[in-house]
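Accompanying notes for the structure given below.
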Amino acid sequence: MNKNYFLLLLLICQSFYLPAQSGMQKRADRLYENFAYTKAIDVYKELLEKEYNVDHNQKKLADSYLRLRDPENAVALYSEVVKQPDVSPEYYFKYAQVLRGVRRYDESREWLKKYLKDGKNENLAENLLTEEKIKFYPGLETFRVKSVDFNSQFSDFGAYENNGTVYLTSARAKGAKNPKIYDWNGEPFLDVYSLPSKNGILETLPGDVNTVRHEGPLVISRDGKTMYFTRNNYLKRDGKKDDEGINHLKIYKASLVDGEWVNIEELSFNNDNYSVGHPALSKDEQTLYFASEAPGGMGGSDIYKVSIENGIFGTPENLGAKINTAGNEVFPFVAEDDKFYFSSDGHKGFGMMDIFVTDLKTQEEIFNLGEPINSNLDDFSFFISSEDFSEGYIASNRSGGKGSDDIYKMQMFAPLLLKGTVTDSINGKPIANATVRLMDENNTQMAFLETDSLGYYEKHIKRDATYPIETKHIKYNEKQGTVKSFNMDDQVELVYNIELAPVQDVEYLAEINKIYFDFDKHNIRPDAAAELDKLVDLMKNDYPELVIEIGSHTDFRGSIEYNRRLAERRAQSTFDYLVEHGIAPERIVTYKGYGEEQPAIDCKNCDEVQHQLNRRSIFKVVKME
């Protein structure tokens, strides 16, 4: 056989091979256009293995993973897509988005900057590119999350508790022999389930809420008789699609009659051409909050509110630019204290979608709830009990779960009460008016406290933190320390007592003015006696183990020898006064006269004021305990 034969054989094979690949391409794109992303992924991967139409199929495969909220698989593909010639700037943003989803934040910022130069949605890029760090919730509560035992291998989310029953949205298709599959993610369609506390067994919601399409999430009135829930545009076996063949979401109302949810009604503000879902009630139940892609919003999905008066709904209002962004805001929830929780990928967070909180009345600042509530993937459907603010639920597709989305039980611990007493390290007496300065982990002052008359201080702090602490008082040596609030979930307070060592200066401690003498005299003047009485009180009542020494001095007038003897007489007078007033002699180890050798004012031509300052007795601490 010659070379021409092999070349002819190769061409014949290619003539069969290329049409087959072309057919696969059409099938993959058709699946993608019909939102069957899990099926489309398999075909796109096969086409890429065959190196067919690489640029197009890399884009579509990456986009499919992004639609399935899977940044880990998408990130490597987008890293190749952005290298393609003449690629749309929108892929810069998508790449930045999935980079955030895998915690590669610095790289994400660089691609956001590139997108900002050429992209269309500048507001979203600018919001994520602001120099300020993530604005974390400043409250002192501490959150814990753990997976619940009623998760399945499928998507579970939207846990909501009412009157002791937990309601949730799940794709588990419990009890269905041949469940209808949602091609988007390859899982069964979502239904609403209940978990009564009386038996702990998960049940399909009784009544007419569940259909062959998606249902959930939901909210229930306080009296437990009315449910607002999300469902595909499907009522009485009639499903409606828009001009592009999309079956959108709507909010429906159901009533509890004889234990079953029946009388399904569509709410008046729904629309066949865009989605409306994720209902949430205000605490007075006169306002319904929801998410929608209605035209005229800030971009993506926004959160709206609508008034309810005697069962009649008003005109929906967009919550505005403080809450809504050019990204997506979904899953609103209103707590009893008027805190408003929602999920967003447009506010600055850890990755894909995070949970945020704001004060519903003011909406002055939007705060990220931080870890462990949020992760680098999608975190959403926040709920906290109206009866007990310590427990609730979130949902997340974070790693380590059982299914694609999992429900996590959330516990919210109240702040710890840090309290303690500042005392004298020698006598144990409380120190009033001591200052206690508490710093955060960045060594920035977060509290400046002052002890009361009993030396007591207190301050609420966050758990799981380290706080440098500094204590000062004018009569004591400054003390540094560290308060640690780890592993204290079973406690409500942390006691941190502080002992300060007094300064080694009895004159300062007793607030003694100088003990002065008249010219050429050694007797204790009345003003000096008053000061010595303070020292007696300090030595008797505050520091009964205090041992001191006395040093007495003269001015420069007279001879050196005369002044030495005069100073000794002054030291003796000082010693005698203390002993006569109850101080044991052995507590004064030395009383010595120094004459003019150690002047307070060293002057040649001293005036009378300067002479007086030199005629004195002073005291030093030898031992305090």
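Residue numbering restarts at 1 for every chain of the structure tokens, chains are lettered A, B, ... in their displayed order, and ligands are numbered from 1 as they appear.
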Exercise. Check stretch 436-574 of chain A with DSSP on the backbone and list each residue it calls alpha helix (DSSP H), as a VMD selection string.
Key: chain A and resid 506 to 509 526 to 537 560 to 574
Please build the interface table for stretch 130-178 of chain A against stretch 351-373 of chain A with a cut-off of 9 Å, listing for each qualifying residue the nearest atom pair and the distance in Å to one decimal; count only C-alpha atoms, order rows by chain and increasing number, and write it as CSV.
residue,atom,partner,partner_atom,distance
A:Ile134,CA,A:Asn368,CA,7.0
A:Lys135,CA,A:Phe367,CA,5.4
A:Phe136,CA,A:Asn368,CA,4.7
A:Tyr137,CA,A:Phe367,CA,4.7
A:Pro138,CA,A:Phe367,CA,7.9
A:Phe143,CA,A:Pro372,CA,6.9
A:Arg144,CA,A:Pro372,CA,6.7
A:Val145,CA,A:Pro372,CA,6.7
Exercise. Name the residues of stretch 398-475 of chain A that come out as strand (DSSP E) in a backbone DSSP run; write them as a ChimeraX atom specification.
Key: /A:406-413,416-424,435-439,445-450,456-461,466-473
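Closest to A:Asn513 among A:Ser559, A:Ser617, A:Gln21, A:Ser425 is A:Ser617, based on only C-alpha atoms.
Around stretch 318-328 of chain A, within 9 Å and counting only C-alpha atoms, the residues found are Asn121, Glu122, Asn123, Leu124, Ala125, Asn127, Glu293, Gly297, Met298, Gly299, Gly300, Ser301, Asp302, Ile303, Tyr304, Lys305, Phe342, Ser343, Ser344, Asp345, Gly346, His347, Met353, Thr358, Gln363, Glu364, Glu365 and Ile366 of chain A, once anything fewer than 6 positions away on its own chain is removed.
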Non-local contacts of stretch 267-280 of chain A (8 Å; only C-alpha atoms; under 2 positions in same chain excluded) as a PDB file with N, CA and C atoms, in the first residue's frame:
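Written out: selection02.pdb:
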ATOM      1  N   GLY A 216     -41.370  26.132  46.743  1.00  0.00           N
ATOM      2  CA  GLY A 216     -40.494  26.561  47.830  1.00  0.00           C
ATOM      3  C   GLY A 216     -39.521  27.614  47.342  1.00  0.00           C
ATOM      4  N   PRO A 217     -39.060  28.470  48.241  1.00  0.00           N
ATOM      5  CA  PRO A 217     -39.279  28.571  49.691  1.00  0.00           C
ATOM      6  C   PRO A 217     -40.590  29.266  50.060  1.00  0.00           C
ATOM      7  N   LEU A 218     -40.816  29.442  51.401  1.00  0.00           N
ATOM      8  CA  LEU A 218     -42.129  29.860  51.871  1.00  0.00           C
ATOM      9  C   LEU A 218     -42.034  30.685  53.139  1.00  0.00           C
ATOM     10  N   VAL A 219     -43.170  31.248  53.525  1.00  0.00           N
ATOM     11  CA  VAL A 219     -43.313  31.905  54.818  1.00  0.00           C
ATOM     12  C   VAL A 219     -44.738  31.671  55.285  1.00  0.00           C
ATOM     13  N   TYR A 228     -47.476  31.734  52.258  1.00  0.00           N
ATOM     14  CA  TYR A 228     -47.057  32.301  50.975  1.00  0.00           C
ATOM     15  C   TYR A 228     -45.858  31.475  50.514  1.00  0.00           C
ATOM     16  N   PHE A 229     -45.921  30.951  49.299  1.00  0.00           N
ATOM     17  CA  PHE A 229     -44.841  30.077  48.847  1.00  0.00           C
ATOM     18  C   PHE A 229     -44.493  30.361  47.387  1.00  0.00           C
ATOM     19  N   THR A 230     -43.301  29.945  47.019  1.00  0.00           N
ATOM     20  CA  THR A 230     -42.797  30.122  45.657  1.00  0.00           C
ATOM     21  C   THR A 230     -43.107  28.866  44.850  1.00  0.00           C
ATOM     22  N   ARG A 231     -43.501  29.079  43.597  1.00  0.00           N
ATOM     23  CA  ARG A 231     -43.758  27.957  42.708  1.00  0.00           C
ATOM     24  C   ARG A 231     -43.497  28.417  41.275  1.00  0.00           C
ATOM     25  N   ASN A 233     -44.562  29.033  37.511  1.00  0.00           N
ATOM     26  CA  ASN A 233     -45.818  29.559  36.967  1.00  0.00           C
ATOM     27  C   ASN A 233     -46.696  28.384  36.527  1.00  0.00           C
ATOM     28  N   LYS A 240     -47.395  28.166  32.413  1.00  0.00           N
ATOM     29  CA  LYS A 240     -47.226  29.198  31.397  1.00  0.00           C
ATOM     30  C   LYS A 240     -45.748  29.554  31.243  1.00  0.00           C
ATOM     31  N   LYS A 241     -45.335  29.779  29.982  1.00  0.00           N
ATOM     32  CA  LYS A 241     -43.969  30.198  29.686  1.00  0.00           C
ATOM     33  C   LYS A 241     -44.002  31.532  28.966  1.00  0.00           C
ATOM     34  N   ASP A 242     -42.859  32.254  29.044  1.00  0.00           N
ATOM     35  CA  ASP A 242     -42.785  33.521  28.321  1.00  0.00           C
ATOM     36  C   ASP A 242     -42.411  33.268  26.860  1.00  0.00           C
ATOM     37  N   ASN A 247     -40.309  29.202  32.016  1.00  0.00           N
ATOM     38  CA  ASN A 247     -41.372  29.115  33.004  1.00  0.00           C
ATOM     39  C   ASN A 247     -40.882  29.786  34.285  1.00  0.00           C
ATOM     40  N   HIS A 248     -41.331  31.016  34.557  1.00  0.00           N
ATOM     41  CA  HIS A 248     -40.817  31.816  35.658  1.00  0.00           C
ATOM     42  C   HIS A 248     -41.421  31.387  36.997  1.00  0.00           C
ATOM     43  N   LEU A 249     -40.956  32.036  38.068  1.00  0.00           N
ATOM     44  CA  LEU A 249     -41.461  31.778  39.410  1.00  0.00           C
ATOM     45  C   LEU A 249     -42.543  32.787  39.762  1.00  0.00           C
ATOM     46  N   LYS A 250     -43.468  32.334  40.605  1.00  0.00           N
ATOM     47  CA  LYS A 250     -44.502  33.214  41.135  1.00  0.00           C
ATOM     48  C   LYS A 250     -44.716  32.902  42.614  1.00  0.00           C
ATOM     49  N   ILE A 251     -45.340  33.843  43.312  1.00  0.00           N
ATOM     50  CA  ILE A 251     -45.703  33.616  44.709  1.00  0.00           C
ATOM     51  C   ILE A 251     -47.192  33.295  44.770  1.00  0.00           C
ATOM     52  N   TYR A 252     -47.508  32.244  45.506  1.00  0.00           N
ATOM     53  CA  TYR A 252     -48.893  31.798  45.674  1.00  0.00           C
ATOM     54  C   TYR A 252     -49.252  31.815  47.163  1.00  0.00           C
ATOM     55  N   LYS A 253     -50.516  31.786  47.411  1.00  0.00           N
ATOM     56  CA  LYS A 253     -51.047  31.800  48.764  1.00  0.00           C
ATOM     57  C   LYS A 253     -51.839  30.519  49.002  1.00  0.00           C
ATOM     58  N   GLU A 265     -53.964  30.280  45.628  1.00  0.00           N
ATOM     59  CA  GLU A 265     -54.262  31.493  44.863  1.00  0.00           C
ATOM     60  C   GLU A 265     -52.972  32.172  44.441  1.00  0.00           C
ATOM     61  N   SER A 282     -43.140  40.865  57.229  1.00  0.00           N
ATOM     62  CA  SER A 282     -42.731  41.733  58.332  1.00  0.00           C
ATOM     63  C   SER A 282     -43.373  41.208  59.614  1.00  0.00           C
ATOM     64  N   LEU A 288     -45.129  42.353  52.733  1.00  0.00           N
ATOM     65  CA  LEU A 288     -44.521  41.133  52.195  1.00  0.00           C
ATOM     66  C   LEU A 288     -43.276  41.544  51.407  1.00  0.00           C
ATOM     67  N   TYR A 289     -42.155  40.943  51.735  1.00  0.00           N
ATOM     68  CA  TYR A 289     -40.910  41.168  51.002  1.00  0.00           C
ATOM     69  C   TYR A 289     -40.689  39.999  50.054  1.00  0.00           C
ATOM     70  N   PHE A 290     -40.067  40.259  48.927  1.00  0.00           N
ATOM     71  CA  PHE A 290     -39.822  39.188  47.965  1.00  0.00           C
ATOM     72  C   PHE A 290     -38.682  39.591  47.029  1.00  0.00           C
ATOM     73  N   ALA A 291     -38.184  38.613  46.267  1.00  0.00           N
ATOM     74  CA  ALA A 291     -37.141  38.855  45.271  1.00  0.00           C
ATOM     75  C   ALA A 291     -37.753  38.760  43.883  1.00  0.00           C
ATOM     76  N   SER A 292     -37.252  39.591  42.969  1.00  0.00           N
ATOM     77  CA  SER A 292     -37.810  39.593  41.624  1.00  0.00           C
ATOM     78  C   SER A 292     -36.804  40.136  40.618  1.00  0.00           C
ATOM     79  N   GLU A 293     -36.944  39.670  39.385  1.00  0.00           N
ATOM     80  CA  GLU A 293     -36.145  40.173  38.266  1.00  0.00           C
ATOM     81  C   GLU A 293     -36.943  41.173  37.442  1.00  0.00           C
ATOM     82  N   ALA A 294     -37.891  41.829  38.079  1.00  0.00           N
ATOM     83  CA  ALA A 294     -38.759  42.768  37.358  1.00  0.00           C
ATOM     84  C   ALA A 294     -37.922  43.840  36.655  1.00  0.00           C
ATOM     85  N   PHE A 313     -53.201  43.497  48.103  1.00  0.00           N
ATOM     86  CA  PHE A 313     -51.811  43.871  47.934  1.00  0.00           C
ATOM     87  C   PHE A 313     -51.697  45.202  47.200  1.00  0.00           C
ATOM     88  N   THR A 315     -48.891  48.276  45.562  1.00  0.00           N
ATOM     89  CA  THR A 315     -47.954  48.293  44.447  1.00  0.00           C
ATOM     90  C   THR A 315     -46.553  47.983  44.966  1.00  0.00           C
ATOM     91  N   PRO A 316     -45.892  46.989  44.399  1.00  0.00           N
ATOM     92  CA  PRO A 316     -44.542  46.642  44.875  1.00  0.00           C
ATOM     93  C   PRO A 316     -43.561  47.806  44.740  1.00  0.00           C
ATOM     94  N   VAL A 330     -31.418  38.132  46.987  1.00  0.00           N
ATOM     95  CA  VAL A 330     -32.477  37.125  47.100  1.00  0.00           C
ATOM     96  C   VAL A 330     -32.675  36.744  48.563  1.00  0.00           C
ATOM     97  N   PHE A 331     -33.673  35.911  48.816  1.00  0.00           N
ATOM     98  CA  PHE A 331     -33.948  35.323  50.132  1.00  0.00           C
ATOM     99  C   PHE A 331     -34.012  36.349  51.262  1.00  0.00           C
ATOM    100  N   PRO A 332     -34.965  37.282  51.217  1.00  0.00           N
ATOM    101  CA  PRO A 332     -35.121  38.215  52.335  1.00  0.00           C
ATOM    102  C   PRO A 332     -35.690  37.512  53.560  1.00  0.00           C
ATOM    103  N   PHE A 333     -35.361  38.061  54.738  1.00  0.00           N
ATOM    104  CA  PHE A 333     -35.956  37.571  55.983  1.00  0.00           C
ATOM    105  C   PHE A 333     -35.969  38.713  56.988  1.00  0.00           C
ATOM    106  N   VAL A 334     -37.106  38.897  57.665  1.00  0.00           N
ATOM    107  CA  VAL A 334     -37.253  39.960  58.655  1.00  0.00           C
ATOM    108  C   VAL A 334     -37.342  39.327  60.041  1.00  0.00           C
TER     109      VAL A 334
END
Self-check item: Straight-line distance linking atom CA of A:Gly200 with atom CA of A:Ser404, stated in Å to one decimal
Solution: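 Separation of atom CA of A:Gly200 and atom CA of A:Ser404: 23.1 Å.
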Applying 12 Å and only C-alpha atoms, which residues near A:Glu203 remain after dropping the ones on its own chain fewer than 2 positions away? List them as an mmCIF file with all heavy atoms, in the first residue's frame.
data_model
loop_
_atom_site.group_PDB
_atom_site.id
_atom_site.type_symbol
_atom_site.label_atom_id
_atom_site.label_comp_id
_atom_site.auth_asym_id
_atom_site.auth_seq_id
_atom_site.Cartn_x
_atom_site.Cartn_y
_atom_site.Cartn_z
ATOM 1 N N PHE A 150 -31.462 15.875 58.686
ATOM 2 C CA PHE A 150 -32.501 15.621 57.688
ATOM 3 C C PHE A 150 -32.104 16.119 56.293
ATOM 4 O O PHE A 150 -32.945 16.227 55.403
ATOM 5 C CB PHE A 150 -33.857 16.208 58.118
ATOM 6 C CG PHE A 150 -33.831 17.649 58.551
ATOM 7 C CD1 PHE A 150 -33.886 18.673 57.614
ATOM 8 C CD2 PHE A 150 -33.773 17.971 59.895
ATOM 9 C CE1 PHE A 150 -33.881 19.998 58.010
ATOM 10 C CE2 PHE A 150 -33.778 19.300 60.300
ATOM 11 C CZ PHE A 150 -33.832 20.318 59.353
ATOM 12 N N THR A 165 -43.058 23.240 63.928
ATOM 13 C CA THR A 165 -42.858 22.437 62.719
ATOM 14 C C THR A 165 -41.828 23.119 61.821
ATOM 15 O O THR A 165 -41.903 24.325 61.581
ATOM 16 C CB THR A 165 -44.174 22.255 61.945
ATOM 17 O OG1 THR A 165 -45.083 21.504 62.754
ATOM 18 C CG2 THR A 165 -43.950 21.502 60.642
ATOM 19 N N VAL A 166 -40.866 22.330 61.350
ATOM 20 C CA VAL A 166 -39.872 22.841 60.404
ATOM 21 C C VAL A 166 -40.339 22.520 58.987
ATOM 22 O O VAL A 166 -40.662 21.371 58.672
ATOM 23 C CB VAL A 166 -38.486 22.212 60.660
ATOM 24 C CG1 VAL A 166 -37.488 22.678 59.602
ATOM 25 C CG2 VAL A 166 -37.994 22.569 62.052
ATOM 26 N N TYR A 167 -40.376 23.555 58.143
ATOM 27 C CA TYR A 167 -40.699 23.389 56.732
ATOM 28 C C TYR A 167 -39.423 23.577 55.928
ATOM 29 O O TYR A 167 -38.581 24.416 56.272
ATOM 30 C CB TYR A 167 -41.750 24.407 56.294
ATOM 31 C CG TYR A 167 -43.055 24.293 57.052
ATOM 32 C CD1 TYR A 167 -43.216 24.909 58.296
ATOM 33 C CD2 TYR A 167 -44.112 23.557 56.548
ATOM 34 C CE1 TYR A 167 -44.389 24.798 59.008
ATOM 35 C CE2 TYR A 167 -45.311 23.443 57.254
ATOM 36 C CZ TYR A 167 -45.442 24.062 58.488
ATOM 37 O OH TYR A 167 -46.618 23.943 59.185
ATOM 38 N N LEU A 168 -39.260 22.806 54.874
ATOM 39 C CA LEU A 168 -38.070 22.949 54.058
ATOM 40 C C LEU A 168 -38.370 22.640 52.598
ATOM 41 O O LEU A 168 -39.365 21.978 52.280
ATOM 42 C CB LEU A 168 -36.940 22.046 54.549
ATOM 43 C CG LEU A 168 -37.182 20.535 54.486
ATOM 44 C CD1 LEU A 168 -35.948 19.830 53.952
ATOM 45 C CD2 LEU A 168 -37.503 20.002 55.886
ATOM 46 N N THR A 169 -37.493 23.121 51.735
ATOM 47 C CA THR A 169 -37.588 22.873 50.304
ATOM 48 C C THR A 169 -36.537 21.838 49.947
ATOM 49 O O THR A 169 -35.377 21.959 50.347
ATOM 50 C CB THR A 169 -37.346 24.171 49.523
ATOM 51 O OG1 THR A 169 -38.326 25.133 49.912
ATOM 52 C CG2 THR A 169 -37.425 23.934 48.030
ATOM 53 N N SER A 170 -36.924 20.807 49.191
ATOM 54 C CA SER A 170 -35.986 19.726 48.898
ATOM 55 C C SER A 170 -36.281 19.094 47.543
ATOM 56 O O SER A 170 -37.436 19.048 47.097
ATOM 57 C CB SER A 170 -36.056 18.648 49.984
ATOM 58 O OG SER A 170 -35.204 17.563 49.677
ATOM 59 N N ARG A 172 -35.535 15.902 47.065
ATOM 60 C CA ARG A 172 -35.371 14.477 47.364
ATOM 61 C C ARG A 172 -36.469 13.600 46.775
ATOM 62 O O ARG A 172 -36.327 12.375 46.713
ATOM 63 C CB ARG A 172 -35.294 14.258 48.867
ATOM 64 C CG ARG A 172 -36.578 14.538 49.615
ATOM 65 C CD ARG A 172 -36.359 14.495 51.117
ATOM 66 N NE ARG A 172 -35.480 15.555 51.565
ATOM 67 C CZ ARG A 172 -34.792 15.521 52.715
ATOM 68 N NH1 ARG A 172 -34.913 14.482 53.512
ATOM 69 N NH2 ARG A 172 -34.024 16.523 53.052
ATOM 70 N N ALA A 173 -37.588 14.182 46.374
ATOM 71 C CA ALA A 173 -38.693 13.439 45.744
ATOM 72 C C ALA A 173 -39.098 12.235 46.587
ATOM 73 O O ALA A 173 -39.229 11.105 46.096
ATOM 74 C CB ALA A 173 -38.314 12.988 44.325
ATOM 75 N N LYS A 174 -39.320 12.478 47.855
ATOM 76 C CA LYS A 174 -39.658 11.393 48.772
ATOM 77 C C LYS A 174 -40.980 10.732 48.366
ATOM 78 O O LYS A 174 -41.991 11.396 48.157
ATOM 79 C CB LYS A 174 -39.765 11.946 50.193
ATOM 80 C CG LYS A 174 -40.078 10.887 51.237
ATOM 81 C CD LYS A 174 -40.185 11.484 52.635
ATOM 82 C CE LYS A 174 -40.526 10.403 53.638
ATOM 83 N NZ LYS A 174 -40.692 10.932 55.010
ATOM 84 N N GLY A 175 -40.950 9.432 48.253
ATOM 85 C CA GLY A 175 -42.152 8.668 47.929
ATOM 86 C C GLY A 175 -42.464 8.559 46.451
ATOM 87 O O GLY A 175 -43.364 7.807 46.058
ATOM 88 N N ASP A 191 -39.855 20.203 46.070
ATOM 89 C CA ASP A 191 -41.136 20.177 46.775
ATOM 90 C C ASP A 191 -40.935 20.723 48.191
ATOM 91 O O ASP A 191 -39.808 20.854 48.673
ATOM 92 C CB ASP A 191 -41.689 18.747 46.871
ATOM 93 C CG ASP A 191 -42.375 18.309 45.581
ATOM 94 O OD1 ASP A 191 -42.859 19.190 44.842
ATOM 95 O OD2 ASP A 191 -42.399 17.095 45.314
ATOM 96 N N VAL A 192 -42.057 21.002 48.845
ATOM 97 C CA VAL A 192 -42.031 21.460 50.236
ATOM 98 C C VAL A 192 -42.332 20.285 51.156
ATOM 99 O O VAL A 192 -43.264 19.514 50.915
ATOM 100 C CB VAL A 192 -43.050 22.588 50.472
ATOM 101 C CG1 VAL A 192 -43.042 23.007 51.937
ATOM 102 C CG2 VAL A 192 -42.733 23.780 49.576
ATOM 103 N N TYR A 193 -41.530 20.163 52.218
ATOM 104 C CA TYR A 193 -41.704 19.098 53.198
ATOM 105 C C TYR A 193 -41.844 19.717 54.584
ATOM 106 O O TYR A 193 -41.469 20.874 54.808
ATOM 107 C CB TYR A 193 -40.500 18.146 53.175
ATOM 108 C CG TYR A 193 -40.361 17.369 51.892
ATOM 109 C CD1 TYR A 193 -39.708 17.930 50.798
ATOM 110 C CD2 TYR A 193 -40.878 16.088 51.772
ATOM 111 C CE1 TYR A 193 -39.582 17.234 49.608
ATOM 112 C CE2 TYR A 193 -40.756 15.375 50.589
ATOM 113 C CZ TYR A 193 -40.110 15.949 49.499
ATOM 114 O OH TYR A 193 -40.006 15.259 48.335
ATOM 115 N N SER A 194 -42.392 18.923 55.502
ATOM 116 C CA SER A 194 -42.507 19.385 56.889
ATOM 117 C C SER A 194 -41.919 18.344 57.818
ATOM 118 O O SER A 194 -41.898 17.148 57.518
ATOM 119 C CB SER A 194 -43.974 19.650 57.260
ATOM 120 O OG SER A 194 -44.735 18.459 57.174
ATOM 121 N N LEU A 195 -41.430 18.834 58.931
ATOM 122 C CA LEU A 195 -40.809 17.973 59.933
ATOM 123 C C LEU A 195 -41.445 18.299 61.276
ATOM 124 O O LEU A 195 -40.938 19.126 62.035
ATOM 125 C CB LEU A 195 -39.298 18.217 59.975
ATOM 126 C CG LEU A 195 -38.460 17.285 60.839
ATOM 127 C CD1 LEU A 195 -38.430 15.880 60.241
ATOM 128 C CD2 LEU A 195 -37.048 17.831 60.971
ATOM 129 N N PRO A 196 -42.565 17.665 61.594
ATOM 130 C CA PRO A 196 -43.228 17.960 62.875
ATOM 131 C C PRO A 196 -42.338 17.558 64.048
ATOM 132 O O PRO A 196 -41.745 16.488 64.047
ATOM 133 C CB PRO A 196 -44.502 17.111 62.823
ATOM 134 C CG PRO A 196 -44.692 16.775 61.376
ATOM 135 C CD PRO A 196 -43.318 16.690 60.805
ATOM 136 N N SER A 197 -42.292 18.418 65.050
ATOM 137 C CA SER A 197 -41.449 18.130 66.207
ATOM 138 C C SER A 197 -41.980 16.949 67.008
ATOM 139 O O SER A 197 -41.240 16.307 67.736
ATOM 140 C CB SER A 197 -41.350 19.372 67.094
ATOM 141 O OG SER A 197 -42.640 19.779 67.517
ATOM 142 N N ASN A 199 -42.921 14.009 66.077
ATOM 143 C CA ASN A 199 -42.421 12.685 65.728
ATOM 144 C C ASN A 199 -41.058 12.716 65.031
ATOM 145 O O ASN A 199 -40.400 11.688 64.912
ATOM 146 C CB ASN A 199 -43.423 11.931 64.839
ATOM 147 C CG ASN A 199 -43.794 12.726 63.591
ATOM 148 O OD1 ASN A 199 -42.998 13.511 63.080
ATOM 149 N ND2 ASN A 199 -44.996 12.494 63.091
ATOM 150 N N GLY A 200 -40.628 13.881 64.551
ATOM 151 C CA GLY A 200 -39.320 13.996 63.923
ATOM 152 C C GLY A 200 -39.203 13.296 62.593
ATOM 153 O O GLY A 200 -38.107 13.035 62.110
ATOM 154 N N ILE A 201 -40.334 12.965 61.985
ATOM 155 C CA ILE A 201 -40.321 12.264 60.697
ATOM 156 C C ILE A 201 -40.668 13.249 59.588
ATOM 157 O O ILE A 201 -41.684 13.943 59.645
ATOM 158 C CB ILE A 201 -41.327 11.091 60.694
ATOM 159 C CG1 ILE A 201 -40.943 10.074 61.784
ATOM 160 C CG2 ILE A 201 -41.370 10.424 59.331
ATOM 161 C CD1 ILE A 201 -41.956 8.973 61.960
ATOM 162 N N LEU A 205 -45.580 17.763 52.366
ATOM 163 C CA LEU A 205 -46.574 18.723 52.845
ATOM 164 C C LEU A 205 -47.975 18.299 52.409
ATOM 165 O O LEU A 205 -48.243 18.111 51.221
ATOM 166 C CB LEU A 205 -46.258 20.113 52.290
ATOM 167 C CG LEU A 205 -46.997 21.265 52.972
ATOM 168 C CD1 LEU A 205 -46.435 21.482 54.373
ATOM 169 C CD2 LEU A 205 -46.848 22.540 52.152
ATOM 170 N N PRO A 206 -48.882 18.159 53.349
ATOM 171 C CA PRO A 206 -50.241 17.743 52.979
ATOM 172 C C PRO A 206 -50.995 18.863 52.263
ATOM 173 O O PRO A 206 -50.852 20.039 52.595
ATOM 174 C CB PRO A 206 -50.887 17.415 54.332
ATOM 175 C CG PRO A 206 -50.131 18.249 55.318
ATOM 176 C CD PRO A 206 -48.730 18.335 54.812
ATOM 177 N N GLY A 207 -51.778 18.496 51.260
ATOM 178 C CA GLY A 207 -52.582 19.496 50.558
ATOM 179 C C GLY A 207 -52.169 19.653 49.110
ATOM 180 O O GLY A 207 -51.645 18.723 48.480
#
Leaving out A:Lys402 and any residue of its chain fewer than 6 positions from it, which residues lie within 8 Å of it when counting only C-alpha atoms, given as a CSV table (one decimal) with N, CA and C atoms, in the first residue's frame?
chain,number,residue,atom,x,y,z
A,151,ASN,N,-30.8,16.4,56.1
A,151,ASN,CA,-30.4,16.7,54.7
A,151,ASN,C,-30.4,15.4,53.9
A,152,SER,N,-30.5,15.6,52.6
A,152,SER,CA,-30.4,14.4,51.6
A,152,SER,C,-29.3,14.6,50.7
A,153,GLN,N,-29.1,13.7,49.8
A,153,GLN,CA,-28.1,13.8,48.7
A,153,GLN,C,-28.4,14.8,47.7
A,154,PHE,N,-29.7,15.3,47.7
A,154,PHE,CA,-30.1,16.3,46.8
A,154,PHE,C,-30.1,17.7,47.4
Quiz item: Restricting the calculation to only C-alpha atoms, which member of A:Leu417, A:Leu500, A:Leu494, A:Tyr577 is positioned closest to A:Pro526?
Solution: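 Selected residue with least distance to A:Pro526: A:Tyr577.
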Self-check item: Exercise: A:Asp537 partners within 9 Å, only C-alpha atoms, chain neighbours under 5 positions left out, as number ranges by chain
Solution: A: 510, 532, 542
Write the residues of the selection above to a file with C-alpha atoms, as a PDB file, in the first residue's frame.
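Saved the output as result-v9.pdb:
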ATOM      1  CA  ALA A 510      -0.309  58.349 101.173  1.00  0.00           C
ATOM      2  CA  LEU A 532       2.827  62.133 109.099  1.00  0.00           C
ATOM      3  CA  ASP A 542      -3.309  49.764 103.901  1.00  0.00           C
TER       4      ASP A 542
END
